[in-house]
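Everything below belongs to protein.csv, which stores CSV, C-alpha atoms.
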```csv
chain,number,residue,atom,x,y,z
A,1,MET,CA,90.0,-30.2,-67.4
A,2,ASN,CA,93.0,-28.0,-68.5
A,3,GLY,CA,91.5,-25.0,-66.9
A,4,THR,CA,88.1,-25.4,-68.5
A,5,PHE,CA,84.9,-26.8,-67.2
A,6,LYS,CA,81.5,-27.7,-68.6
A,7,ALA,CA,78.4,-25.5,-68.3
A,8,LEU,CA,75.0,-25.3,-69.8
A,9,VAL,CA,74.4,-21.7,-71.0
A,10,VAL,CA,71.2,-20.2,-72.3
A,11,ASP,CA,71.8,-17.4,-74.8
A,12,GLU,CA,69.5,-15.3,-77.0
A,13,VAL,CA,69.9,-16.0,-80.7
A,14,GLU,CA,67.8,-13.9,-83.1
A,15,GLY,CA,65.3,-13.1,-80.4
A,16,LYS,CA,64.9,-16.7,-79.2
A,17,SER,CA,66.6,-18.5,-76.3
A,18,GLU,CA,69.0,-21.3,-77.2
A,19,ASN,CA,70.6,-23.9,-74.9
A,20,GLN,CA,74.3,-24.3,-75.5
A,21,TRP,CA,76.8,-26.6,-73.9
A,22,ARG,CA,80.0,-24.6,-73.4
A,23,GLU,CA,83.5,-25.0,-72.0
A,24,LEU,CA,84.2,-22.1,-69.7
A,25,THR,CA,87.1,-20.8,-67.6
A,26,LEU,CA,87.1,-19.0,-64.3
A,27,ASP,CA,87.5,-15.7,-66.2
A,28,ASP,CA,84.1,-16.3,-67.8
A,29,LEU,CA,82.3,-16.3,-64.4
A,30,PRO,CA,80.6,-13.3,-63.0
A,31,ALA,CA,81.9,-11.4,-60.0
A,32,GLY,CA,81.6,-12.9,-56.5
A,33,ASP,CA,83.4,-13.6,-53.2
A,34,VAL,CA,83.5,-17.4,-53.3
A,35,VAL,CA,84.4,-19.9,-56.0
A,36,VAL,CA,82.5,-23.2,-55.6
A,37,ASP,CA,83.5,-26.5,-57.1
A,38,VAL,CA,79.9,-27.6,-57.9
A,39,ALA,CA,78.9,-31.2,-57.3
A,40,TYR,CA,75.2,-31.2,-57.8
A,41,SER,CA,72.2,-29.2,-58.9
A,42,THR,CA,68.5,-30.0,-59.3
A,43,LEU,CA,65.7,-30.1,-61.7
A,44,ASN,CA,62.6,-28.0,-60.9
A,45,TYR,CA,59.5,-26.9,-62.7
A,46,LYS,CA,61.0,-23.4,-63.2
A,47,ASP,CA,64.1,-25.1,-64.8
A,48,GLY,CA,61.8,-26.9,-67.2
A,49,LEU,CA,60.3,-23.6,-68.2
A,50,VAL,CA,63.5,-21.8,-69.0
A,51,LEU,CA,65.1,-24.8,-70.8
A,52,ASN,CA,62.1,-25.2,-73.1
A,53,GLY,CA,61.8,-21.7,-74.3
A,54,ASN,CA,59.2,-20.5,-71.8
A,55,ARG,CA,61.6,-18.2,-70.0
A,56,GLY,CA,59.0,-15.4,-69.8
A,57,LYS,CA,60.2,-13.0,-67.1
A,58,VAL,CA,62.4,-15.6,-65.4
A,59,MET,CA,65.7,-14.8,-67.1
A,60,ARG,CA,66.5,-11.2,-67.0
A,61,SER,CA,69.7,-11.1,-69.0
A,62,PHE,CA,71.8,-13.2,-71.4
A,63,PRO,CA,74.0,-15.2,-71.4
A,64,MET,CA,72.7,-17.1,-68.3
A,65,VAL,CA,73.6,-20.3,-66.7
A,66,PRO,CA,70.3,-21.9,-65.6
A,67,GLY,CA,69.6,-24.1,-62.6
A,68,ILE,CA,68.0,-22.6,-59.5
A,69,ASP,CA,70.0,-24.6,-57.0
A,70,LEU,CA,73.6,-25.6,-56.5
A,71,ALA,CA,75.7,-27.4,-54.0
A,72,GLY,CA,79.4,-28.1,-53.8
A,73,THR,CA,82.7,-27.4,-52.0
A,74,VAL,CA,84.4,-24.1,-51.5
A,75,GLU,CA,87.4,-23.9,-53.8
A,76,SER,CA,88.5,-20.4,-52.8
A,77,SER,CA,87.0,-17.6,-50.8
A,78,ASP,CA,87.5,-13.9,-50.1
A,79,ALA,CA,84.8,-14.1,-47.4
A,80,ALA,CA,85.7,-14.7,-43.8
A,81,ASP,CA,82.7,-16.9,-43.2
A,82,PHE,CA,83.7,-19.5,-45.8
A,83,GLN,CA,86.9,-21.5,-46.1
A,84,PRO,CA,88.1,-23.9,-48.8
A,85,GLY,CA,86.6,-27.3,-48.2
A,86,ASP,CA,83.3,-26.1,-46.7
A,87,ASN,CA,80.3,-27.9,-48.1
A,88,VAL,CA,77.8,-25.2,-49.2
A,89,ALA,CA,74.6,-24.7,-51.0
A,90,ILE,CA,72.5,-22.0,-52.6
A,91,THR,CA,68.7,-22.2,-53.2
A,92,GLY,CA,66.9,-19.2,-54.6
A,93,TRP,CA,68.5,-15.7,-54.5
A,94,GLY,CA,67.8,-15.2,-58.2
A,95,LEU,CA,69.8,-18.1,-59.5
A,96,SER,CA,68.9,-18.6,-63.2
A,97,GLU,CA,67.1,-15.3,-63.1
A,98,THR,CA,69.6,-12.5,-62.4
A,99,GLU,CA,72.5,-14.7,-61.1
A,100,TRP,CA,74.2,-17.5,-62.9
A,101,GLY,CA,72.9,-20.8,-61.6
A,102,GLY,CA,73.9,-24.4,-60.9
A,103,TYR,CA,74.2,-26.1,-64.3
A,104,THR,CA,77.9,-25.7,-64.3
A,105,GLN,CA,80.9,-27.4,-62.8
A,106,LYS,CA,82.2,-24.3,-61.2
A,107,ALA,CA,80.5,-21.1,-59.9
A,108,ARG,CA,81.6,-17.8,-58.5
A,109,VAL,CA,78.9,-16.6,-56.1
A,110,LYS,CA,78.1,-13.9,-53.5
A,111,ALA,CA,79.0,-15.1,-50.0
A,112,GLU,CA,75.7,-13.7,-48.6
A,113,HIS,CA,73.8,-16.2,-50.8
A,114,LEU,CA,75.6,-19.2,-49.4
A,115,VAL,CA,74.7,-21.5,-46.5
A,116,LYS,CA,76.8,-24.1,-44.9
A,117,ILE,CA,75.1,-27.5,-45.3
A,118,PRO,CA,74.1,-28.8,-41.8
A,119,PRO,CA,76.1,-31.8,-40.4
A,120,GLY,CA,74.4,-35.1,-41.4
A,121,ILE,CA,73.2,-33.8,-44.8
A,122,SER,CA,75.4,-34.8,-47.7
A,123,LEU,CA,76.0,-32.6,-50.8
A,124,GLN,CA,73.7,-35.0,-52.8
A,125,GLN,CA,71.0,-34.8,-50.1
A,126,SER,CA,71.2,-31.1,-49.9
A,127,MET,CA,70.2,-30.9,-53.6
A,128,ALA,CA,67.6,-33.6,-53.1
A,129,ILE,CA,66.2,-31.0,-50.7
A,130,GLY,CA,67.0,-28.0,-52.9
A,131,THR,CA,64.4,-25.3,-53.5
A,132,ALA,CA,61.6,-27.8,-53.4
A,133,GLY,CA,62.4,-29.2,-50.0
A,134,PHE,CA,63.3,-25.7,-48.7
A,135,THR,CA,59.9,-24.5,-49.9
A,136,SER,CA,58.2,-27.5,-48.3
A,137,MET,CA,59.7,-26.8,-44.9
A,138,MET,CA,58.6,-23.2,-45.2
A,139,CYS,CA,55.0,-24.3,-45.9
A,140,VAL,CA,55.0,-26.6,-42.8
A,141,MET,CA,56.5,-23.8,-40.6
A,142,ALA,CA,53.8,-21.4,-41.9
A,143,LEU,CA,51.0,-23.9,-40.9
A,144,GLU,CA,52.7,-24.2,-37.5
A,145,HIS,CA,52.7,-20.4,-37.2
A,146,MET,CA,48.9,-20.5,-37.6
A,147,SER,CA,48.6,-23.1,-34.8
A,148,ILE,CA,47.8,-26.0,-37.1
A,149,LYS,CA,48.8,-28.9,-34.9
A,150,PRO,CA,49.1,-32.7,-35.3
A,151,GLY,CA,45.8,-34.3,-34.5
A,152,SER,CA,43.7,-31.5,-36.0
A,153,GLY,CA,42.7,-33.7,-39.0
A,154,ASP,CA,43.9,-34.5,-42.5
A,155,ILE,CA,46.3,-31.9,-44.0
A,156,LEU,CA,45.9,-31.7,-47.7
A,157,VAL,CA,48.9,-31.7,-49.9
A,158,THR,CA,48.2,-31.0,-53.6
A,159,GLY,CA,50.6,-32.0,-56.3
A,160,ALA,CA,51.8,-34.6,-53.8
A,161,ALA,CA,53.9,-36.7,-56.1
A,162,GLY,CA,56.0,-33.7,-57.3
A,163,GLY,CA,59.1,-32.5,-55.7
A,164,VAL,CA,57.6,-30.0,-53.2
A,165,GLY,CA,54.6,-32.2,-52.5
A,166,SER,CA,56.7,-35.3,-51.8
A,167,VAL,CA,58.9,-33.6,-49.3
A,168,ALA,CA,55.9,-31.9,-47.6
A,169,VAL,CA,54.2,-35.2,-47.2
A,170,ALA,CA,57.3,-36.8,-45.6
A,171,ILE,CA,57.9,-33.9,-43.2
A,172,LEU,CA,54.3,-33.6,-42.1
A,173,ALA,CA,54.0,-37.3,-41.5
A,174,LYS,CA,57.3,-37.3,-39.5
A,175,LEU,CA,55.9,-34.5,-37.3
A,176,GLY,CA,52.8,-36.5,-36.6
A,177,TYR,CA,50.3,-35.0,-38.9
A,178,SER,CA,47.7,-37.0,-40.9
A,179,VAL,CA,48.3,-36.3,-44.5
A,180,ALA,CA,45.8,-36.5,-47.4
A,181,ALA,CA,47.8,-36.6,-50.6
A,182,VAL,CA,46.2,-35.1,-53.8
A,183,SER,CA,47.5,-36.3,-57.1
A,184,GLY,CA,46.4,-36.9,-60.7
A,185,ARG,CA,48.6,-39.9,-60.8
A,186,PRO,CA,46.9,-43.0,-59.4
A,187,GLU,CA,50.0,-45.0,-59.9
A,188,ALA,CA,51.7,-42.9,-57.2
A,189,ARG,CA,49.4,-44.1,-54.5
A,190,ASP,CA,51.8,-46.7,-53.1
A,191,TYR,CA,54.7,-44.2,-53.4
A,192,LEU,CA,52.8,-41.6,-51.4
A,193,SER,CA,51.8,-44.1,-48.8
A,194,GLY,CA,55.4,-45.0,-48.4
A,195,LEU,CA,56.2,-41.3,-47.6
A,196,GLY,CA,53.6,-41.3,-44.9
A,197,ALA,CA,50.3,-40.2,-46.5
A,198,ALA,CA,47.3,-41.6,-44.8
A,199,THR,CA,44.9,-41.0,-47.6
A,200,PHE,CA,45.1,-40.7,-51.4
A,201,ILE,CA,42.7,-38.3,-53.2
A,202,ASP,CA,42.3,-38.1,-56.9
A,203,ARG,CA,43.0,-34.6,-58.3
A,204,ALA,CA,39.6,-34.8,-60.2
A,205,ASP,CA,37.9,-34.2,-56.8
A,206,PHE,CA,39.3,-30.7,-56.9
A,207,GLU,CA,38.6,-29.9,-60.5
A,208,GLY,CA,35.6,-28.2,-62.1
A,209,GLU,CA,33.8,-25.0,-61.1
A,210,ALA,CA,34.5,-24.1,-57.5
A,211,LYS,CA,31.7,-23.2,-55.0
A,212,PRO,CA,31.9,-20.0,-53.1
A,213,LEU,CA,31.6,-22.0,-49.8
A,214,ALA,CA,31.6,-25.7,-49.4
A,215,LYS,CA,31.3,-28.2,-46.6
A,216,PRO,CA,34.4,-27.7,-44.3
A,217,ARG,CA,36.5,-30.8,-44.6
A,218,TRP,CA,40.2,-29.9,-44.0
A,219,PRO,CA,41.9,-27.9,-41.3
A,220,ALA,CA,44.8,-26.8,-43.6
A,221,ALA,CA,46.5,-27.5,-46.9
A,222,VAL,CA,49.9,-27.2,-48.6
A,223,ASP,CA,49.1,-26.2,-52.2
A,224,THR,CA,51.8,-26.6,-54.7
A,225,VAL,CA,49.8,-26.2,-58.0
A,226,GLY,CA,47.5,-23.2,-57.8
A,227,GLY,CA,44.8,-22.6,-60.4
A,228,GLY,CA,41.5,-24.4,-60.2
A,229,ILE,CA,42.7,-26.9,-57.7
A,230,LEU,CA,43.4,-24.2,-55.2
A,231,ALA,CA,40.1,-22.5,-56.0
A,232,ASN,CA,38.3,-25.7,-55.1
A,233,LEU,CA,40.1,-26.4,-51.9
A,234,ILE,CA,39.8,-23.0,-50.3
A,235,PRO,CA,36.0,-23.2,-49.8
A,236,GLN,CA,36.5,-26.6,-48.1
A,237,ILE,CA,38.9,-25.3,-45.4
A,238,GLU,CA,37.6,-25.4,-41.8
A,239,GLN,CA,37.1,-22.5,-39.4
A,240,TRP,CA,40.4,-20.8,-38.6
A,241,GLY,CA,42.2,-23.0,-41.1
A,242,ALA,CA,45.1,-22.1,-43.4
A,243,VAL,CA,46.5,-22.7,-46.8
A,244,ALA,CA,50.2,-22.4,-47.6
A,245,ILE,CA,50.5,-21.6,-51.3
A,246,CYS,CA,53.7,-22.1,-53.2
A,247,GLY,CA,53.1,-23.1,-56.8
A,248,ASN,CA,51.3,-22.4,-60.1
A,249,ALA,CA,51.7,-25.6,-62.2
A,250,ALA,CA,47.9,-25.7,-62.6
A,251,GLY,CA,47.7,-22.0,-63.5
A,252,PHE,CA,48.5,-18.6,-61.9
A,253,GLY,CA,45.0,-17.3,-61.9
A,254,LEU,CA,42.7,-17.7,-58.9
A,255,GLU,CA,39.0,-17.3,-59.1
A,256,THR,CA,37.5,-17.4,-55.6
A,257,THR,CA,35.5,-15.3,-53.1
A,258,VAL,CA,36.1,-13.7,-49.8
A,259,LEU,CA,33.5,-15.9,-48.1
A,260,PRO,CA,35.9,-18.6,-46.7
A,261,LEU,CA,38.2,-15.8,-45.5
A,262,ILE,CA,35.6,-13.6,-43.7
A,263,LEU,CA,33.1,-16.3,-42.6
A,264,ARG,CA,35.6,-18.9,-41.5
A,265,GLY,CA,38.7,-16.9,-40.9
A,266,VAL,CA,40.7,-18.9,-43.4
A,267,SER,CA,44.2,-17.6,-44.0
A,268,LEU,CA,46.0,-17.8,-47.3
A,269,MET,CA,49.8,-17.6,-46.9
A,270,GLY,CA,52.0,-17.0,-49.9
A,271,ILE,CA,55.4,-18.8,-49.7
A,272,ASN,CA,58.4,-17.0,-51.3
A,273,SER,CA,61.4,-19.2,-50.9
A,274,VAL,CA,63.7,-17.2,-53.2
A,275,PHE,CA,64.6,-14.1,-51.1
A,276,VAL,CA,64.7,-15.4,-47.5
A,277,PRO,CA,66.8,-13.5,-44.9
A,278,GLN,CA,69.9,-15.4,-44.0
A,279,GLU,CA,69.1,-16.0,-40.3
A,280,ARG,CA,65.7,-17.5,-41.2
A,281,ARG,CA,67.2,-19.5,-44.0
A,282,GLN,CA,69.6,-21.1,-41.6
A,283,GLU,CA,66.8,-22.0,-39.2
A,284,ILE,CA,64.8,-23.6,-42.1
A,285,TRP,CA,67.9,-25.7,-42.9
A,286,ARG,CA,68.2,-26.7,-39.2
A,287,ARG,CA,64.5,-27.8,-39.3
A,288,LEU,CA,65.1,-29.8,-42.5
A,289,ALA,CA,68.1,-31.6,-40.8
A,290,SER,CA,65.9,-32.6,-37.9
A,291,ASP,CA,62.4,-33.1,-39.4
A,292,LEU,CA,62.9,-34.5,-42.8
A,293,PRO,CA,63.5,-38.3,-42.8
A,294,LEU,CA,66.6,-38.6,-44.9
A,295,GLU,CA,65.9,-42.3,-45.8
A,296,LEU,CA,62.6,-41.2,-47.3
A,297,LEU,CA,64.4,-38.3,-49.1
A,298,ASP,CA,66.9,-40.8,-50.6
A,299,GLY,CA,64.0,-43.0,-51.7
A,300,MET,CA,62.2,-40.2,-53.6
A,301,THR,CA,65.4,-39.0,-55.3
A,302,GLU,CA,66.8,-39.9,-58.7
A,303,VAL,CA,70.4,-38.8,-59.5
A,304,VAL,CA,71.0,-38.3,-63.2
A,305,PRO,CA,74.1,-37.3,-65.2
A,306,PHE,CA,74.5,-33.7,-66.5
A,307,ASP,CA,73.5,-34.5,-70.1
A,308,GLN,CA,70.1,-35.7,-69.0
A,309,VAL,CA,68.9,-32.3,-67.8
A,310,LEU,CA,67.5,-31.2,-71.2
A,311,PRO,CA,65.3,-34.3,-72.0
A,312,LEU,CA,64.1,-34.4,-68.4
A,313,SER,CA,63.3,-30.7,-68.4
A,314,ALA,CA,60.6,-31.4,-71.0
A,315,GLN,CA,59.2,-34.3,-68.9
A,316,ILE,CA,58.8,-32.2,-65.7
A,317,LEU,CA,56.6,-29.8,-67.6
A,318,LYS,CA,54.3,-32.7,-68.5
A,319,GLY,CA,54.1,-33.9,-64.9
A,320,GLN,CA,56.1,-37.0,-65.7
A,321,VAL,CA,58.9,-36.5,-63.1
A,322,ARG,CA,58.2,-37.9,-59.7
A,323,GLY,CA,59.8,-36.8,-56.4
A,324,ARG,CA,63.2,-35.1,-56.6
A,325,THR,CA,65.7,-35.1,-59.5
A,326,VAL,CA,69.4,-34.3,-58.6
A,327,ILE,CA,71.8,-33.4,-61.4
A,328,ASP,CA,75.3,-34.7,-61.0
A,329,VAL,CA,77.2,-32.0,-63.0
A,330,ASN,CA,80.4,-34.1,-63.1
A,331,ALA,CA,78.8,-37.3,-64.4
```
Structure encoded using structure tokens:
Amino acid sequence: MNGTFKALVVDEVEGKSENQWRELTLDDLPAGDVVVDVAYSTLNYKDGLVLNGNRGKVMRSFPMVPGIDLAGTVESSDAADFQPGDNVAITGWGLSETEWGGYTQKARVKAEHLVKIPPGISLQQSMAIGTAGFTSMMCVMALEHMSIKPGSGDILVTGAAGGVGSVAVAILAKLGYSVAAVSGRPEARDYLSGLGAATFIDRADFEGEAKPLAKPRWPAAVDTVGGGILANLIPQIEQWGAVAICGNAAGFGLETTVLPLILRGVSLMGINSVFVPQERRQEIWRRLASDLPLELLDGMTEVVPFDQVLPLSAQILKGQVRGRTVIDVNA
């Protein structure tokens, strides 16, 4: 590449964000301890927002390389914990917000943000997991922390055909839970059944005005969408049940009452997968290596070339992207 490499850069032009394909050199990269030869990134809902002008408070400075995940091989390192040739990944830590992200063929990053990819997981699979899969595992571990065990009943997963939802369904089913997959895409029924969902529920069942308290039906839920869907499911959670909350695709507002919380002891657990301490982050990756069926992960993953990230970013905002999308930044 004659010392240059390709990157997608978001810059501010006359007060508006503009996506630009650029040829960069190592001198253009921000400060850091480790240079990574990037192999893959991912496409997530947040990526869709920033690439379609809805950057809001996501991007804090310009220019910015978007992409909230990256995986690759260490090219050079000033950190003792990482050596050239190590397979590494970053999810979260402000990538695409305050730190340059994964839509580039080379990245200079902070060593404390890196994790070594566990044995048995390839670079491509690490990005099929990405922030979405990492978040899914955190949700499952949160339910475990609340003593929600297999055999307790159907665990709801909303937005089940999306990236976080798909991985959550696969993990829960692998661990022996019965999963009720909620989706507005009836054509995804067979797909979700293949991931291990025992039941398919139309999203319309959780739309409309929510009741303060409804018949208890579900021991727990993983909610990836927020908004009115979340407001409708909370009053249906059983005594001492729990909801792991990690998304806002259906809206960031939540109109509910305290009744399910104080009369049934329902717990609402917010999941922040961005700033996770390193020791806990490594444990989550260990759990992913053991509890996520990689053959199902491969089946829900589409690998696309770098230049497809912009058109696909518009589709993900419309709910038209199923499962996980991995970006091959060298294709």
Using only C-alpha atoms, the shortest atom-to-atom distance to Asp291 in chain A among A:Ala180, A:Met137, A:Val36, A:Ile245 belongs to A:Met137
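Every protein or nucleic acid residue with an atom no more than 10 Å from Gly176 in chain A, counting only C-alpha atoms and leaving out same-chain residues fewer than 4 positions away, appears here: Lys149, Pro150, Gly151, Ile171, Leu172 and Gly196 of chain A.
Nearest to Gln236 in chain A of all the residues A:Leu156, A:Gly270, A:Val167, A:Ile262 is A:Leu156, based on all atoms listed in the file.
The residue set within 10 Å of Leu263 in chain A, counting all atoms listed in the file and dropping same-chain residues fewer than 5 places from it, reads Leu213, Gln239, Trp240 and Val258 of chain A.
Close to (69.9, -18.9, -44.6), meaning no more than 9 Å away when counting only C-alpha atoms, sit the residues Ile90, Glu112, His113, Leu114, Val115, Lys116, Val276, Pro277, Gln278, Glu279, Arg280, Arg281, Gln282, Glu283, Ile284 and Trp285 of chain A.
The coordinates place CA of Gly53 in chain A at 27.8 Å from CA of Gly72 in chain A.
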Which is closer to Glu75 in chain A than all the others in A:Asp33, A:Asp223, A:Asp298, A:Glu18, using all atoms listed in the file?
-> A:Asp33
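Remark: for Met300 in chain A, the closest of the candidate residues A:Val243, A:Val169, A:Ala250, A:Val274 is A:Val169 (distances computed over only C-alpha atoms).
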One decimal, Å: what's the distance from CA of Pro311 in chain A over to CA of Met59 in chain A, could you say?
-> 20.1 Å
Distance in Å - CA of Trp218 in chain A versus CA of Gly241 in chain A = 7.7 Å
Considering all atoms listed in the file, state which residue in the set A:Ala221, A:Lys106, A:Ala173, A:Ile201 is at the smallest distance from Ala142 in chain A.
-> A:Ala221
Generate the coordinates of N, CA and C atoms for range 288-300 of chain A; report them as a PDB file, keeping the file's coordinate frame.
```pdb
ATOM      1  N   LEU A 288      65.050 -28.737 -41.488  1.00  0.00           N
ATOM      2  CA  LEU A 288      65.100 -29.800 -42.500  1.00  0.00           C
ATOM      3  C   LEU A 288      66.027 -30.942 -41.956  1.00  0.00           C
ATOM      4  N   ALA A 289      67.131 -30.563 -41.316  1.00  0.00           N
ATOM      5  CA  ALA A 289      68.100 -31.600 -40.800  1.00  0.00           C
ATOM      6  C   ALA A 289      67.404 -32.419 -39.709  1.00  0.00           C
ATOM      7  N   SER A 290      66.469 -31.836 -38.969  1.00  0.00           N
ATOM      8  CA  SER A 290      65.900 -32.600 -37.900  1.00  0.00           C
ATOM      9  C   SER A 290      64.535 -33.219 -38.205  1.00  0.00           C
ATOM     10  N   ASP A 291      63.774 -32.639 -39.157  1.00  0.00           N
ATOM     11  CA  ASP A 291      62.400 -33.100 -39.400  1.00  0.00           C
ATOM     12  C   ASP A 291      62.114 -33.750 -40.703  1.00  0.00           C
ATOM     13  N   LEU A 292      63.099 -33.811 -41.574  1.00  0.00           N
ATOM     14  CA  LEU A 292      62.900 -34.500 -42.800  1.00  0.00           C
ATOM     15  C   LEU A 292      63.616 -35.874 -42.755  1.00  0.00           C
ATOM     16  N   PRO A 293      62.874 -36.977 -42.860  1.00  0.00           N
ATOM     17  CA  PRO A 293      63.500 -38.300 -42.800  1.00  0.00           C
ATOM     18  C   PRO A 293      64.398 -38.516 -44.036  1.00  0.00           C
ATOM     19  N   LEU A 294      65.705 -38.555 -43.811  1.00  0.00           N
ATOM     20  CA  LEU A 294      66.600 -38.600 -44.900  1.00  0.00           C
ATOM     21  C   LEU A 294      66.517 -39.925 -45.704  1.00  0.00           C
ATOM     22  N   GLU A 295      66.095 -41.014 -45.031  1.00  0.00           N
ATOM     23  CA  GLU A 295      65.900 -42.300 -45.800  1.00  0.00           C
ATOM     24  C   GLU A 295      64.767 -42.169 -46.758  1.00  0.00           C
ATOM     25  N   LEU A 296      63.735 -41.416 -46.406  1.00  0.00           N
ATOM     26  CA  LEU A 296      62.600 -41.200 -47.300  1.00  0.00           C
ATOM     27  C   LEU A 296      63.068 -40.241 -48.453  1.00  0.00           C
ATOM     28  N   LEU A 297      63.867 -39.239 -48.096  1.00  0.00           N
ATOM     29  CA  LEU A 297      64.400 -38.300 -49.100  1.00  0.00           C
ATOM     30  C   LEU A 297      65.205 -39.099 -50.141  1.00  0.00           C
ATOM     31  N   ASP A 298      66.077 -39.994 -49.680  1.00  0.00           N
ATOM     32  CA  ASP A 298      66.900 -40.800 -50.600  1.00  0.00           C
ATOM     33  C   ASP A 298      65.997 -41.641 -51.501  1.00  0.00           C
ATOM     34  N   GLY A 299      64.916 -42.170 -50.933  1.00  0.00           N
ATOM     35  CA  GLY A 299      64.000 -43.000 -51.700  1.00  0.00           C
ATOM     36  C   GLY A 299      63.246 -42.314 -52.775  1.00  0.00           C
ATOM     37  N   MET A 300      63.012 -41.003 -52.585  1.00  0.00           N
ATOM     38  CA  MET A 300      62.200 -40.200 -53.600  1.00  0.00           C
ATOM     39  C   MET A 300      63.147 -39.537 -54.595  1.00  0.00           C
TER      40      MET A 300
END
```
